file query.tsv (TSV, C-alpha atoms)
chain	number	residue	atom	x	y	z
A	1	MET	CA	23.67	-15.66	-15.76
A	2	ALA	CA	19.99	-15.97	-15.02
A	3	SER	CA	20.31	-15.06	-11.39
A	4	PRO	CA	17.09	-15.53	-9.43
A	5	ARG	CA	15.43	-12.18	-9.03
A	6	THR	CA	12.83	-11.25	-6.50
A	7	THR	CA	9.74	-9.32	-7.38
A	8	GLU	CA	9.45	-5.93	-5.83
A	9	VAL	CA	5.69	-5.95	-5.56
A	10	GLY	CA	3.98	-8.80	-3.82
A	11	THR	CA	5.44	-11.97	-2.47
A	12	VAL	CA	5.88	-15.16	-4.42
A	13	GLY	CA	4.80	-17.89	-2.06
A	14	SER	CA	7.10	-16.74	0.73
A	15	ALA	CA	6.20	-15.47	4.17
A	16	SER	CA	8.18	-12.26	3.94
A	17	PRO	CA	6.44	-8.96	4.60
A	18	PRO	CA	5.37	-6.96	1.54
A	19	GLN	CA	8.09	-5.03	-0.27
A	20	LEU	CA	5.54	-2.32	-0.84
A	21	TRP	CA	2.17	-1.93	0.86
A	22	ASP	CA	-0.72	-1.19	-1.46
A	23	PRO	CA	-1.64	2.49	-1.96
A	24	VAL	CA	-4.81	2.34	0.17
A	25	VAL	CA	-2.88	1.04	3.19
A	26	ARG	CA	-0.17	3.67	2.68
A	27	LEU	CA	-2.52	6.61	2.14
A	28	THR	CA	-4.78	5.76	5.09
A	29	HIS	CA	-1.73	5.13	7.28
A	30	TRP	CA	-0.09	8.50	6.64
A	31	GLY	CA	-3.39	10.38	6.43
A	32	ILE	CA	-4.49	9.18	9.87
A	33	ALA	CA	-0.98	9.72	11.29
A	34	LEU	CA	-1.02	13.32	10.04
A	35	ALA	CA	-4.54	13.97	11.34
A	36	VAL	CA	-3.69	12.53	14.78
A	37	LEU	CA	-0.47	14.54	15.07
A	38	LEU	CA	-2.07	17.79	13.91
A	39	ASN	CA	-5.16	17.40	16.09
A	40	GLY	CA	-3.24	16.11	19.09
A	41	LEU	CA	-0.37	18.56	19.11
A	42	VAL	CA	-1.18	21.67	17.10
A	43	ASN	CA	-4.73	22.93	16.83
A	44	ASP	CA	-7.35	23.45	19.51
A	45	GLY	CA	-10.37	21.26	20.10
A	46	GLY	CA	-13.80	22.40	18.91
A	47	SER	CA	-12.45	24.52	16.05
A	48	THR	CA	-13.78	23.88	12.56
A	49	PHE	CA	-10.32	22.74	11.49
A	50	HIS	CA	-10.06	20.27	14.38
A	51	VAL	CA	-13.48	18.79	13.63
A	52	SER	CA	-12.76	18.64	9.87
A	53	LEU	CA	-9.54	16.72	10.51
A	54	GLY	CA	-11.43	14.40	12.84
A	55	TRP	CA	-13.98	13.69	10.12
A	56	MET	CA	-11.21	13.10	7.60
A	57	ALA	CA	-9.55	10.64	9.99
A	58	MET	CA	-12.95	8.96	10.39
A	59	SER	CA	-13.30	8.67	6.59
A	60	LEU	CA	-9.79	7.24	6.29
A	61	LEU	CA	-10.52	4.76	9.06
A	62	VAL	CA	-13.78	3.73	7.33
A	63	LEU	CA	-11.87	3.20	4.08
A	64	ARG	CA	-9.17	1.17	5.83
A	65	LEU	CA	-11.79	-1.01	7.53
A	66	VAL	CA	-13.61	-1.57	4.21
A	67	TRP	CA	-10.18	-2.42	2.74
A	68	GLY	CA	-9.71	-4.95	5.55
A	69	VAL	CA	-12.54	-6.95	3.99
A	70	LEU	CA	-12.19	-6.12	0.28
A	71	GLY	CA	-8.46	-5.43	-0.06
A	72	PRO	CA	-5.63	-7.66	-1.29
A	73	SER	CA	-4.58	-10.58	0.93
A	74	GLU	CA	-1.98	-8.84	3.10
A	75	ALA	CA	-4.30	-5.91	3.85
A	76	ARG	CA	-7.21	-8.10	4.96
A	77	PHE	CA	-8.03	-8.71	8.64
A	78	SER	CA	-7.64	-12.45	8.03
A	79	ALA	CA	-3.91	-11.87	7.31
A	80	PHE	CA	-3.31	-10.43	10.80
A	81	PRO	CA	-5.90	-11.69	13.27
A	82	PRO	CA	-5.61	-10.29	16.82
A	83	ASN	CA	-3.65	-12.90	18.76
A	84	PRO	CA	-2.02	-11.70	22.01
A	85	GLY	CA	-0.33	-15.07	22.55
A	86	ALA	CA	1.38	-14.98	19.17
A	87	ALA	CA	2.33	-11.35	19.83
A	88	LEU	CA	4.10	-12.35	23.06
A	89	VAL	CA	5.88	-15.21	21.27
A	90	HIS	CA	6.99	-12.79	18.58
A	91	LEU	CA	8.29	-10.28	21.15
A	92	ARG	CA	10.20	-13.05	22.96
A	93	ARG	CA	11.78	-14.13	19.66
A	94	LEU	CA	12.58	-10.51	18.91
A	95	ALA	CA	14.31	-10.14	22.31
A	96	ALA	CA	16.30	-13.29	21.51
A	97	GLY	CA	17.22	-11.74	18.15
A	98	ARG	CA	15.42	-14.37	16.06
A	99	PRO	CA	12.16	-12.79	14.88
A	100	LYS	CA	10.18	-14.80	12.33
A	101	GLU	CA	9.04	-13.25	9.07
A	102	HIS	CA	5.33	-12.75	8.44
A	103	ALA	CA	3.42	-12.15	5.24
A	104	SER	CA	1.49	-9.20	6.69
A	105	HIS	CA	1.85	-7.31	9.98
A	106	ASN	CA	3.77	-9.42	12.50
A	107	PRO	CA	1.62	-10.54	15.50
A	108	ALA	CA	2.92	-7.73	17.74
A	109	GLY	CA	2.37	-5.20	14.96
A	110	ALA	CA	-1.14	-6.60	14.46
A	111	MET	CA	-1.98	-5.98	18.13
A	112	MET	CA	-0.70	-2.43	17.66
A	113	VAL	CA	-2.94	-2.00	14.61
A	114	TYR	CA	-6.03	-3.10	16.53
A	115	ALA	CA	-5.07	-0.97	19.53
A	116	PHE	CA	-4.80	2.02	17.16
A	117	TRP	CA	-8.16	1.34	15.58
A	118	ILE	CA	-10.00	0.85	18.88
A	119	THR	CA	-8.44	3.99	20.37
A	120	LEU	CA	-9.22	5.92	17.17
A	121	LEU	CA	-12.85	4.77	17.38
A	122	VAL	CA	-13.01	5.99	21.00
A	123	VAL	CA	-11.49	9.37	20.09
A	124	ILE	CA	-13.76	9.79	17.05
A	125	GLY	CA	-16.85	8.57	18.92
A	126	SER	CA	-16.28	10.89	21.90
A	127	GLY	CA	-15.52	13.74	19.49
A	128	LEU	CA	-18.85	13.14	17.75
A	129	VAL	CA	-20.65	13.17	21.12
A	130	LEU	CA	-18.93	16.46	22.06
A	131	THR	CA	-20.03	18.14	18.82
A	132	GLY	CA	-23.46	16.55	18.87
A	133	GLY	CA	-22.54	14.73	15.66
A	134	ALA	CA	-22.45	18.02	13.76
A	135	THR	CA	-20.53	17.95	10.49
A	136	PRO	CA	-17.71	20.47	9.96
A	137	MET	CA	-19.98	22.29	7.49
A	138	ARG	CA	-22.64	22.72	10.18
A	139	ILE	CA	-20.11	23.84	12.77
A	140	ALA	CA	-18.72	26.41	10.35
A	141	ALA	CA	-22.26	27.59	9.58
A	142	ASP	CA	-23.12	27.81	13.31
A	143	LYS	CA	-19.93	29.72	14.03
A	144	ALA	CA	-20.69	32.12	11.19
A	145	ALA	CA	-24.24	32.58	12.51
A	146	VAL	CA	-23.01	33.29	16.04
A	147	ALA	CA	-20.38	35.67	14.68
A	148	SER	CA	-23.08	37.58	12.81
A	149	GLY	CA	-25.05	37.96	16.03
A	150	ASP	CA	-27.54	35.10	15.64
A	151	TRP	CA	-27.12	33.24	18.90
A	152	SER	CA	-29.92	30.79	18.22
A	153	ALA	CA	-27.41	28.27	16.92
A	154	LEU	CA	-26.08	27.94	20.46
A	155	ILE	CA	-29.52	27.39	21.95
A	156	VAL	CA	-30.36	24.59	19.54
A	157	LYS	CA	-27.18	22.80	20.50
A	158	ASP	CA	-27.87	23.10	24.21
A	159	GLY	CA	-31.20	21.44	23.58
A	160	GLY	CA	-29.29	18.45	22.28
A	161	GLY	CA	-28.48	17.36	25.81
A	162	ALA	CA	-24.70	17.62	25.82
A	163	ASN	CA	-24.29	20.93	27.63
A	164	ASP	CA	-21.87	21.68	30.44
A	165	SER	CA	-23.12	18.75	32.49
A	166	PRO	CA	-20.89	16.22	34.30
A	167	ARG	CA	-21.61	13.91	31.39
A	168	ARG	CA	-19.97	16.31	28.98
A	169	GLU	CA	-16.97	16.61	31.25
A	170	THR	CA	-16.64	12.83	31.33
A	171	VAL	CA	-16.79	12.61	27.55
A	172	GLU	CA	-14.22	15.40	27.28
A	173	GLY	CA	-11.96	13.47	29.64
A	174	VAL	CA	-12.35	10.29	27.59
A	175	HIS	CA	-11.60	12.22	24.39
A	176	GLU	CA	-8.44	13.71	25.87
A	177	VAL	CA	-7.13	10.54	27.52
A	178	ALA	CA	-7.77	8.45	24.39
A	179	ALA	CA	-6.09	11.09	22.21
A	180	ASN	CA	-3.01	11.06	24.46
A	181	LEU	CA	-3.07	7.27	24.35
A	182	LEU	CA	-2.99	7.51	20.55
A	183	LEU	CA	0.18	9.60	20.71
A	184	ILE	CA	1.76	7.14	23.15
A	185	LEU	CA	0.82	4.25	20.85
A	186	ALA	CA	2.31	6.15	17.91
A	187	ALA	CA	5.60	6.56	19.78
A	188	LEU	CA	5.59	2.85	20.70
A	189	HIS	CA	4.80	2.00	17.08
A	190	VAL	CA	7.74	4.04	15.77
A	191	ALA	CA	10.05	2.43	18.34
A	192	GLY	CA	8.74	-1.01	17.35
A	193	VAL	CA	9.39	-0.40	13.67
A	194	PHE	CA	12.91	0.79	14.48
A	195	VAL	CA	13.76	-2.21	16.67
A	196	GLU	CA	12.20	-4.69	14.25
A	197	SER	CA	14.02	-3.15	11.26
A	198	ARG	CA	17.34	-3.57	13.04
A	199	ALA	CA	16.61	-7.12	14.25
A	200	MET	CA	15.44	-8.26	10.81
A	201	ARG	CA	18.12	-6.25	8.97
A	202	ARG	CA	15.29	-5.11	6.77
A	203	ASP	CA	14.00	-1.61	6.15
A	204	LEU	CA	10.38	-1.74	7.29
A	205	LEU	CA	9.77	1.95	6.64
A	206	ALA	CA	10.38	1.97	2.87
A	207	PRO	CA	7.46	-0.38	2.02
A	208	MET	CA	5.13	2.09	3.76
A	209	ILE	CA	6.43	5.01	1.66
A	210	LEU	CA	7.47	4.25	-1.93
A	211	GLY	CA	9.15	0.87	-1.73
A	212	HIS	CA	12.84	0.13	-2.03
A	213	ARG	CA	14.84	2.16	-4.48
A	214	ARG	CA	16.35	-0.02	-7.19
A	215	LYS	CA	20.07	0.35	-7.70
B	216	MET	CA	15.83	-1.81	-22.52
B	217	SER	CA	13.22	-3.75	-20.51
B	218	VAL	CA	9.47	-3.67	-20.13
B	219	THR	CA	9.41	-4.32	-16.38
B	220	PRO	CA	10.01	-0.77	-15.06
B	221	ALA	CA	7.53	0.65	-17.57
B	222	LEU	CA	4.95	-1.95	-16.57
B	223	ARG	CA	5.56	-1.27	-12.91
B	224	SER	CA	5.31	2.50	-13.11
B	225	ALA	CA	2.20	2.30	-15.30
B	226	GLY	CA	0.67	-0.07	-12.75
B	227	ARG	CA	1.61	2.21	-9.89
B	228	ARG	CA	0.10	5.24	-11.61
B	229	GLN	CA	-3.11	3.35	-12.26
B	230	THR	CA	-3.50	2.06	-8.70
B	231	ALA	CA	-2.52	5.44	-7.27
B	232	ALA	CA	-5.18	7.17	-9.36
B	233	LEU	CA	-7.82	4.62	-8.35
B	234	THR	CA	-6.80	5.00	-4.70
B	235	VAL	CA	-7.06	8.78	-4.73
B	236	PHE	CA	-10.47	8.47	-6.38
B	237	LEU	CA	-11.58	5.97	-3.73
B	238	LEU	CA	-10.29	8.28	-1.00
B	239	VAL	CA	-12.20	11.28	-2.33
B	240	GLN	CA	-15.30	9.10	-2.71
B	241	THR	CA	-15.04	7.92	0.91
B	242	LEU	CA	-14.50	11.45	2.21
B	243	GLY	CA	-17.54	12.67	0.30
B	244	THR	CA	-19.69	9.79	1.45
B	245	VAL	CA	-18.80	10.05	5.14
B	246	PHE	CA	-19.44	13.81	5.16
B	247	PHE	CA	-22.69	13.36	3.26
B	248	VAL	CA	-23.91	10.55	5.53
B	249	GLY	CA	-23.07	12.72	8.55
B	250	ASP	CA	-25.19	15.48	7.08
B	251	VAL	CA	-28.05	13.09	6.31
B	252	ILE	CA	-28.05	11.76	9.87
B	253	GLY	CA	-28.17	15.36	11.10
B	254	ASP	CA	-31.17	16.04	8.85
B	255	LEU	CA	-32.79	12.83	10.00
B	256	LEU	CA	-32.54	13.83	13.67
B	257	GLU	CA	-34.15	17.18	12.90
B	258	ASP	CA	-36.92	15.96	10.60
B	259	PRO	CA	-37.29	12.20	10.33
B	260	VAL	CA	-40.37	12.10	8.10
B	261	SER	CA	-39.54	14.12	5.03
B	262	VAL	CA	-39.60	13.15	1.36
B	263	HIS	CA	-36.24	14.84	1.15
B	264	PHE	CA	-34.81	12.13	3.38
B	265	ILE	CA	-35.92	9.29	1.09
B	266	PHE	CA	-33.93	10.81	-1.75
B	267	GLU	CA	-30.96	11.33	0.50
B	268	ALA	CA	-31.11	7.71	1.62
B	269	PHE	CA	-31.09	6.71	-2.04
B	270	VAL	CA	-28.03	8.85	-2.76
B	271	THR	CA	-26.31	7.46	0.34
B	272	ALA	CA	-26.91	3.90	-0.83
B	273	ALA	CA	-25.47	4.77	-4.26
B	274	LEU	CA	-22.37	6.35	-2.69
B	275	VAL	CA	-21.76	3.40	-0.38
B	276	LEU	CA	-22.15	0.97	-3.28
B	277	GLY	CA	-19.69	3.12	-5.22
B	278	ILE	CA	-17.08	2.72	-2.48
B	279	VAL	CA	-17.60	-1.04	-2.29
B	280	PHE	CA	-17.29	-1.48	-6.06
B	281	GLY	CA	-14.38	0.97	-6.23
B	282	ALA	CA	-12.51	-0.92	-3.51
B	283	TYR	CA	-13.26	-4.23	-5.18
B	284	SER	CA	-12.05	-3.12	-8.61
B	285	LEU	CA	-8.93	-1.59	-7.07
B	286	ARG	CA	-8.20	-4.92	-5.38
B	287	ARG	CA	-8.67	-6.71	-8.72
B	288	THR	CA	-6.29	-4.26	-10.44
B	289	ILE	CA	-3.63	-4.72	-7.76
B	290	GLU	CA	-3.91	-8.51	-7.94
B	291	LEU	CA	-3.84	-8.48	-11.75
B	292	LEU	CA	-0.65	-6.40	-11.74
B	293	ARG	CA	0.96	-8.78	-9.27
B	294	THR	CA	0.00	-11.81	-11.35
B	295	GLN	CA	1.43	-10.19	-14.47
B	296	GLU	CA	4.66	-9.37	-12.71
B	297	GLU	CA	4.96	-12.88	-11.31
B	298	ALA	CA	4.29	-14.37	-14.75
B	299	LEU	CA	6.97	-12.10	-16.17
B	300	GLU	CA	9.42	-13.27	-13.48
B	301	VAL	CA	8.65	-16.91	-14.23
B	302	ALA	CA	9.01	-16.36	-17.98
B	303	ARG	CA	12.26	-14.49	-17.44
B	304	GLY	CA	13.63	-17.27	-15.23
B	305	ALA	CA	12.53	-19.92	-17.74
B	306	LEU	CA	14.20	-18.09	-20.64
B	307	GLY	CA	17.36	-17.71	-18.55
B	308	GLN	CA	17.42	-21.46	-17.96
B	309	VAL	CA	16.89	-22.19	-21.65
B	310	ILE	CA	19.78	-19.89	-22.55
B	311	ASP	CA	22.09	-21.38	-19.91
B	312	ARG	CA	21.33	-24.93	-21.08
B	313	GLN	CA	21.89	-24.01	-24.72
B	314	PHE	CA	25.21	-22.34	-23.93
B	315	LEU	CA	26.31	-25.53	-22.17
B	316	ALA	CA	25.16	-27.63	-25.12
B	317	TRP	CA	27.29	-25.50	-27.44
B	318	ALA	CA	30.22	-26.07	-25.07
B	319	LEU	CA	30.91	-22.35	-24.66
B	320	THR	CA	33.75	-21.50	-22.28
B	321	PRO	CA	32.82	-19.36	-19.22
B	322	ALA	CA	34.28	-16.26	-20.91
B	323	GLU	CA	32.34	-17.01	-24.08
B	324	ARG	CA	29.15	-17.53	-22.06
B	325	ASP	CA	29.55	-14.06	-20.55
B	326	VAL	CA	30.18	-12.46	-23.92
B	327	ALA	CA	27.33	-14.38	-25.55
B	328	PHE	CA	24.94	-13.30	-22.81
B	329	LEU	CA	25.93	-9.64	-23.14
B	330	ALA	CA	25.57	-9.91	-26.92
B	331	LEU	CA	22.08	-11.34	-26.44
B	332	LYS	CA	21.26	-8.39	-24.21
B	333	GLY	CA	21.98	-6.15	-27.18
B	334	LEU	CA	25.36	-4.69	-26.20
B	335	ASP	CA	27.75	-3.97	-29.07
B	336	VAL	CA	31.40	-5.00	-29.24
B	337	ALA	CA	32.72	-1.75	-27.77
B	338	ASP	CA	30.34	-1.96	-24.78
B	339	ILE	CA	31.17	-5.61	-24.12
B	340	ALA	CA	34.89	-4.90	-24.32
B	341	LYS	CA	34.57	-2.00	-21.87
B	342	LEU	CA	32.40	-4.03	-19.48
B	343	ARG	CA	34.81	-6.98	-19.49
B	344	GLY	CA	37.96	-4.87	-19.56
B	345	ALA	CA	39.11	-6.63	-22.68
B	346	ALA	CA	40.29	-5.48	-26.09
B	347	GLN	CA	37.67	-5.12	-28.82
B	348	GLY	CA	39.64	-7.55	-30.97
B	349	THR	CA	39.37	-10.22	-28.25
B	350	VAL	CA	35.61	-9.76	-27.97
B	351	ARG	CA	35.23	-9.89	-31.76
B	352	ALA	CA	37.22	-13.14	-31.86
B	353	GLN	CA	35.12	-14.59	-29.03
B	354	LEU	CA	31.90	-13.66	-30.85
B	355	THR	CA	33.15	-15.33	-34.01
B	356	ARG	CA	33.89	-18.52	-32.06
B	357	ILE	CA	30.46	-18.35	-30.40
B	358	TYR	CA	28.69	-17.98	-33.77
B	359	SER	CA	30.62	-20.90	-35.23
B	360	LYS	CA	29.88	-23.13	-32.20
B	361	ALA	CA	26.19	-22.18	-32.44
B	362	ASP	CA	26.29	-22.67	-36.20
B	363	VAL	CA	24.71	-19.27	-36.91
B	364	SER	CA	25.71	-16.72	-39.52
B	365	GLY	CA	25.99	-13.76	-37.17
B	366	ARG	CA	24.49	-11.75	-34.36
B	367	ALA	CA	21.01	-11.44	-35.86
B	368	GLN	CA	20.65	-15.17	-36.31
B	369	PHE	CA	22.21	-15.78	-32.89
B	370	ALA	CA	19.56	-13.64	-31.17
B	371	ALA	CA	16.80	-15.10	-33.34
B	372	PHE	CA	17.79	-18.59	-32.16
B	373	PHE	CA	16.24	-17.93	-28.73
B	374	VAL	CA	13.41	-15.68	-29.86
B	375	GLU	CA	12.31	-18.33	-32.32
B	376	ASP	CA	12.10	-20.88	-29.50
B	377	LEU	CA	10.04	-18.49	-27.45
B	378	LEU	CA	7.66	-17.68	-30.29
B	379	GLY	CA	7.24	-21.37	-31.14
B	380	GLU	CA	6.36	-22.17	-27.54
B	381	ALA	CA	4.00	-19.27	-27.29
B	382	ILE	CA	2.10	-20.47	-30.34
B	383	ALA	CA	2.03	-24.07	-29.11
B	384	ALA	CA	0.69	-22.90	-25.73

call {"tool": "encode", "arguments": {"input": "query.tsv", "output": "structure tokens"}}
result
Amino acid sequence: MASPRTTEVGTVGSASPPQLWDPVVRLTHWGIALAVLLNGLVNDGGSTFHVSLGWMAMSLLVLRLVWGVLGPSEARFSAFPPNPGAALVHLRRLAAGRPKEHASHNPAGAMMVYAFWITLLVVIGSGLVLTGGATPMRIAADKAAVASGDWSALIVKDGGGANDSPRRETVEGVHEVAANLLLILAALHVAGVFVESRAMRRDLLAPMILGHRRK
Amino acid sequence: MSVTPALRSAGRRQTAALTVFLLVQTLGTVFFVGDVIGDLLEDPVSVHFIFEAFVTAALVLGIVFGAYSLRRTIELLRTQEEALEVARGALGQVIDRQFLAWALTPAERDVAFLALKGLDVADIAKLRGAAQGTVRAQLTRIYSKADVSGRAQFAAFFVEDLLGEAIAA
């Protein structure tokens, strides 16, 4: 009668991935995904909205990185160290249809996570260079000043060094290429989750949303 | 019926609230720090900046402590849930062993277990697809095998064990 039950939250000494990721991992994951999609596909660069979303993505990334040190075991960097060799082994096992279970991100997923973070840092860093590190509030204020006929806001920014020089064009190129790379990584990531879910016969998407529904 | 779903949803609400708070805190801090750095580039030697640096330090500390306490909450909830699972499994084993000791038949074991879960005769009969009279007869046999006066004493048999152990521990 007392059939062994499994806990929904957390893992009891087994190496299976979490049934439900903690709320910080989930919120930062979807927040950054939304910001990347909106900024990459919908709105135009340089607008207050674009810069605000970029800053929000930066905040979410900061929180996720802090969480990588202070968070629960499966969210910490130590649970998924970058290991290209292990990632290749995992992919080979996956191709053979025998993927091993891991307590956190699997090694291939971990490489994807780090690739995302590095690319995000490049996009955010180049974005900050392009705006001269101005906060969205400042950009909105400058835009309002220019709109009201006070063009001095533009002059101050040109003094900052990043005007229409070749350097600016390079940074713009980096920003654009890295942003496109993010979208490609996102597509790869979605494909990876799909393939892995089928190979493991396990829904990997539910733990990133609300967990498995109990019947 | 059971405390687990209530515990889980309360835990989820608590961690969700803490997470949203932490998120807002981080957003505020990053925007503020960005503003401070902007101020610093414009006018590095102002008294204003010293205060802003102080506020920045406080905000960053707030994030660190917030993240730490959220981690503690999440781990505490997991420990509680695991303890509950262990206790539940242990109680299940105790019940199974006792049923065997009383030499209950498989059908009687099923009925006894459902009775322990708090189902009444009509529910048990419906669940097992049996007549209410059959279930009543089975319950009577179970009570006599267990040497208890009725359902209340039957249920108390296991609760008493649990309470005794809890006090001893």

call {"tool": "interface_residues", "arguments": {"input": "query.tsv", "of": "chain B", "to": "chain A", "cutoff": "9 Å", "atoms": "all atoms listed in the file", "output": "ChimeraX atom specification"}}
result
/B:223,227,230-231,234-235,237-238,241-247,249-250,252-253,278-279,282-283,285-287,289-290,292-293,296-297,300,303-308,310-311,324-325,328

call {"tool": "residues_around", "arguments": {"input": "query.tsv", "residues": "range 333-343 of chain B", "least_positions_apart": "4", "cutoff": "12 Å", "atoms": "only C-alpha atoms", "output": "CSV table (one decimal) with C-alpha atoms, keeping the file's coordinate frame"}}
result
chain,number,residue,atom,x,y,z
B,216,MET,CA,15.8,-1.8,-22.5
B,217,SER,CA,13.2,-3.8,-20.5
B,322,ALA,CA,34.3,-16.3,-20.9
B,323,GLU,CA,32.3,-17.0,-24.1
B,325,ASP,CA,29.6,-14.1,-20.6
B,326,VAL,CA,30.2,-12.5,-23.9
B,327,ALA,CA,27.3,-14.4,-25.6
B,328,PHE,CA,24.9,-13.3,-22.8
B,329,LEU,CA,25.9,-9.6,-23.1
B,347,GLN,CA,37.7,-5.1,-28.8
B,348,GLY,CA,39.6,-7.6,-31.0
B,349,THR,CA,39.4,-10.2,-28.2
B,350,VAL,CA,35.6,-9.8,-28.0
B,351,ARG,CA,35.2,-9.9,-31.8
B,352,ALA,CA,37.2,-13.1,-31.9
B,353,GLN,CA,35.1,-14.6,-29.0
B,354,LEU,CA,31.9,-13.7,-30.8
B,355,THR,CA,33.2,-15.3,-34.0
B,366,ARG,CA,24.5,-11.8,-34.4
B,367,ALA,CA,21.0,-11.4,-35.9
B,369,PHE,CA,22.2,-15.8,-32.9
B,370,ALA,CA,19.6,-13.6,-31.2

call {"tool": "atom_distance", "arguments": {"input": "query.tsv", "atom1": "CA of Gly125 in chain A", "atom2": "CA of Leu34 in chain A"}}
result
18.8 Å

call {"tool": "closest_residue", "arguments": {"input": "query.tsv", "among": "A:Ser47, A:Ser104, A:Ser197, A:Ser152", "to": "Leu130 in chain A", "atoms": "all atoms listed in the file"}}
result
A:Ser47

call {"tool": "atom_distance", "arguments": {"input": "query.tsv", "atom1": "CA of Phe194 in chain A", "atom2": "CA of Gly109 in chain A"}}
result
12.1 Å

call {"tool": "atom_distance", "arguments": {"input": "query.tsv", "atom1": "CA of Val270 in chain B", "atom2": "CA of Asp254 in chain B"}}
result
14.0 Å

call {"tool": "closest_residue", "arguments": {"input": "query.tsv", "among": "A:Val195, A:Val174, A:Leu181, A:Ala186", "to": "Trp30 in chain A", "atoms": "all atoms listed in the file"}}
result
A:Ala186

call {"tool": "residues_near_point", "arguments": {"input": "query.tsv", "point": "(16.0, -9.8, 18.5)", "cutoff": "12 Å", "atoms": "only C-alpha atoms", "output": "number ranges by chain"}}
result
A: 89-100, 192, 194-201

call {"tool": "write_last_selection", "arguments": {"input": "query.tsv", "atoms": "C-alpha atoms", "output": "PDB file, keeping the file's coordinate frame"}}
result
ATOM      1  CA  VAL A  89       5.880 -15.210  21.270  1.00  0.00           C
ATOM      2  CA  HIS A  90       6.990 -12.790  18.580  1.00  0.00           C
ATOM      3  CA  LEU A  91       8.290 -10.280  21.150  1.00  0.00           C
ATOM      4  CA  ARG A  92      10.200 -13.050  22.960  1.00  0.00           C
ATOM      5  CA  ARG A  93      11.780 -14.130  19.660  1.00  0.00           C
ATOM      6  CA  LEU A  94      12.580 -10.510  18.910  1.00  0.00           C
ATOM      7  CA  ALA A  95      14.310 -10.140  22.310  1.00  0.00           C
ATOM      8  CA  ALA A  96      16.300 -13.290  21.510  1.00  0.00           C
ATOM      9  CA  GLY A  97      17.220 -11.740  18.150  1.00  0.00           C
ATOM     10  CA  ARG A  98      15.420 -14.370  16.060  1.00  0.00           C
ATOM     11  CA  PRO A  99      12.160 -12.790  14.880  1.00  0.00           C
ATOM     12  CA  LYS A 100      10.180 -14.800  12.330  1.00  0.00           C
ATOM     13  CA  GLY A 192       8.740  -1.010  17.350  1.00  0.00           C
ATOM     14  CA  PHE A 194      12.910   0.790  14.480  1.00  0.00           C
ATOM     15  CA  VAL A 195      13.760  -2.210  16.670  1.00  0.00           C
ATOM     16  CA  GLU A 196      12.200  -4.690  14.250  1.00  0.00           C
ATOM     17  CA  SER A 197      14.020  -3.150  11.260  1.00  0.00           C
ATOM     18  CA  ARG A 198      17.340  -3.570  13.040  1.00  0.00           C
ATOM     19  CA  ALA A 199      16.610  -7.120  14.250  1.00  0.00           C
ATOM     20  CA  MET A 200      15.440  -8.260  10.810  1.00  0.00           C
ATOM     21  CA  ARG A 201      18.120  -6.250   8.970  1.00  0.00           C
TER      22      ARG A 201
END
